[in-house]
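Let me begin by presenting the structure, written as structure tokens, before commenting on it.
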Amino acid sequence: MLHIVACIKQVPDTKIIKMNPKTNTMDRRTAPAILNPYDAHAVEEAVRLRGRYGGIVSVLTMGPPPAVKAIKKCIEIGADEGYLITDRRFAGADTLATSYALTKAIHKISKEKPVDLIICGKMSIDGDTGQVGPGIARRLDIPPLTSVNKVVEVSREEGKMVVHRKLEDGYEVVQSTLPCLLSVEKTINEVPYSPFPNMLKAAQYNPHIWSVDDLEDVDIKQLGLKGSPTIVSKVWAPPKPEGGIMLEGNQQEQVEQLLSILLEKKELFTVKGES
């Protein structure tokens with residue numbers, strides 16, 4: 001039986017979020033917090049693997065207390081247990097400090113039941129770095145398999161698994177030892193609507209909540225802002241695209257207007273090397 005840990009994150013819905021024009025930073029108050037979409041596919045894949053091979057699916061996240069909502073969403077998808085590490089000392093963490101904190105939590109979880117497989121989403125939609133998963137793998141000294149879009153086989157008895165990794169021009173088949181870490185693409189599966197029993201379980205579920213003091217052998221200097229060497233000097237919203245030109249008149253008149261516009265853009269017709 002497999003013990004799979006899915007690392008997740010609660011993020012602001014980037015379809016709704018706005019930028020603060022004075023500070024050039026995201027105004028997180030303008031958008032609801034949601035489960036990172038890539039992570040939803042990670043949890044769904046963990047649930048499917050449990051269905052194929054048996055086992056337990058645990059989800060783990062670091063964040064403020066309201067991140068319990070993201071854990072409950074994972075319980076709706078089908079996860080068995082949820083763990084939230086929350087503490088002011090985690091605040092301001094970049095991907096390096098985040099991977100350190102999550103690794104310490106995974107160590108604690110594995111003492112209760114050894115972890116065979118860790119699954120993460122390819123990236124978070126509010127950061128787009130894709131660094132936390134490989135960072136966890138490096139700290140645990142296990143193989144990281146990135147951009148996974150299919151799990152072919154998992155054998156706990158033989159201590160191996162086979163996956164497909166997405167490439168620009170196809171995919172590659174990779175065999176890895178267990179335990180290992182996967183970061184998965186959205187194309188790995190479809191997340192269905194949650195069945196009512198799962199929704200009822202999620203509504204009543206209370207996750208395990210740990211602070212820094214509940215973890216073992218933690219170096220405080222590697223947590224939060226102190227443990228984050230990344231510095232964001234400036235963030236700004238891209239300029240809004242200019243409006244288009246509406247062509248008027250009959251068909252012939254519109255063609256003439258279009259040709260006039262194109263001829264004004266001489267660079268479109270300039271051959272390299274010609275004056």
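We label chains A, B, ... in the order they appear in the structure tokens, count residues from 1 in each chain, and number ligands from 1 in the order shown.
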
Considering only strand (DSSP E or B) as DSSP defines it on the backbone, what residues of range 81-156 of chain A qualify? List them as JSON, numbers by chain. {"A": [81, 82, 83, 84, 85, 117, 118, 119, 120, 121, 144, 145, 146, 147, 148, 149, 150, 151, 152, 153, 154, 155]}

Please produce an output containing C-alpha atoms for each residue in the selection, written as a short mmCIF file (atom, residue, chain, number, x, y, z; two decimals), in the first residue's frame.
```cif
data_model
loop_
_atom_site.label_atom_id
_atom_site.label_comp_id
_atom_site.auth_asym_id
_atom_site.auth_seq_id
_atom_site.Cartn_x
_atom_site.Cartn_y
_atom_site.Cartn_z
CA GLU A 81 -5.63 13.26 5.51
CA GLY A 82 -4.58 16.91 5.50
CA TYR A 83 -1.71 18.73 7.19
CA LEU A 84 -1.30 22.50 7.55
CA ILE A 85 1.89 24.09 8.86
CA LEU A 117 5.71 9.15 -3.32
CA ILE A 118 5.38 12.94 -3.28
CA ILE A 119 3.29 14.69 -5.93
CA CYS A 120 3.23 18.43 -6.61
CA GLY A 121 1.63 20.55 -9.26
CA PRO A 144 12.62 14.60 -9.00
CA LEU A 145 10.54 13.84 -12.11
CA THR A 146 9.20 17.08 -13.59
CA SER A 147 6.55 17.80 -16.24
CA VAL A 148 4.93 14.39 -15.76
CA ASN A 149 1.80 13.87 -17.85
CA LYS A 150 1.25 10.13 -17.32
CA VAL A 151 2.02 7.58 -14.63
CA VAL A 152 2.47 4.20 -16.32
CA GLU A 153 3.30 1.97 -13.37
CA VAL A 154 4.14 2.07 -9.68
CA SER A 155 5.62 -0.95 -7.89
#
```

Polymer residues at most 12 Å from Gly51 in chain A, only C-alpha atoms, same-chain spacing of 6 or more positions, as a list in words: Met1, Leu2, Ile4, Glu44, Glu45, Val57, Gly78 and Ala79 of chain A

How would the residues just picked look written out with C-alpha atoms as an mmCIF file, in the first residue's frame?
```cif
data_model
loop_
_atom_site.group_PDB
_atom_site.id
_atom_site.type_symbol
_atom_site.label_atom_id
_atom_site.label_comp_id
_atom_site.auth_asym_id
_atom_site.auth_seq_id
_atom_site.Cartn_x
_atom_site.Cartn_y
_atom_site.Cartn_z
ATOM 1 C CA MET A 1 0.000 0.000 0.000
ATOM 2 C CA LEU A 2 1.337 3.376 -1.037
ATOM 3 C CA ILE A 4 1.352 9.424 -1.241
ATOM 4 C CA GLU A 44 -6.508 13.795 -8.332
ATOM 5 C CA GLU A 45 -3.573 11.741 -9.641
ATOM 6 C CA VAL A 57 -3.296 10.050 0.253
ATOM 7 C CA GLY A 78 -10.637 12.262 -2.366
ATOM 8 C CA ALA A 79 -7.617 12.764 -0.088
#
```

I need the residues of range 109-205 of chain A that end up classed as helix (DSSP H, G or I) by DSSP on the backbone, written out as a ChimeraX atom specification. /A:109-112,132-140,186-188,196-204

Kindly give the distance, in Å, that separates CA of Pro134 in chain A and CA of Ala31 in chain A, rounded to a single decimal.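 Calculated distance between CA of Pro134 in chain A and CA of Ala31 in chain A is 28.5 Å.
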
Find the residue from A:Leu263, A:Ala137, A:Ala202, A:Ile125 that sits nearest to Ile106 in chain A; use only C-alpha atoms when measuring.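 Counting only C-alpha atoms, the residue closest to Ile106 in chain A is A:Ala137.
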
Min atom-atom distance to His208 in chain A from the set A:Pro32, A:Lys15, A:Pro37, A:Ala105, counting only C-alpha atoms, belongs to A:Ala105

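Each of A:Asp213, A:Asp169, A:Asp116, A:Asp87 was checked against Gly63 in chain A using only C-alpha atoms; the smallest atom-to-atom distance is that of A:Asp87.
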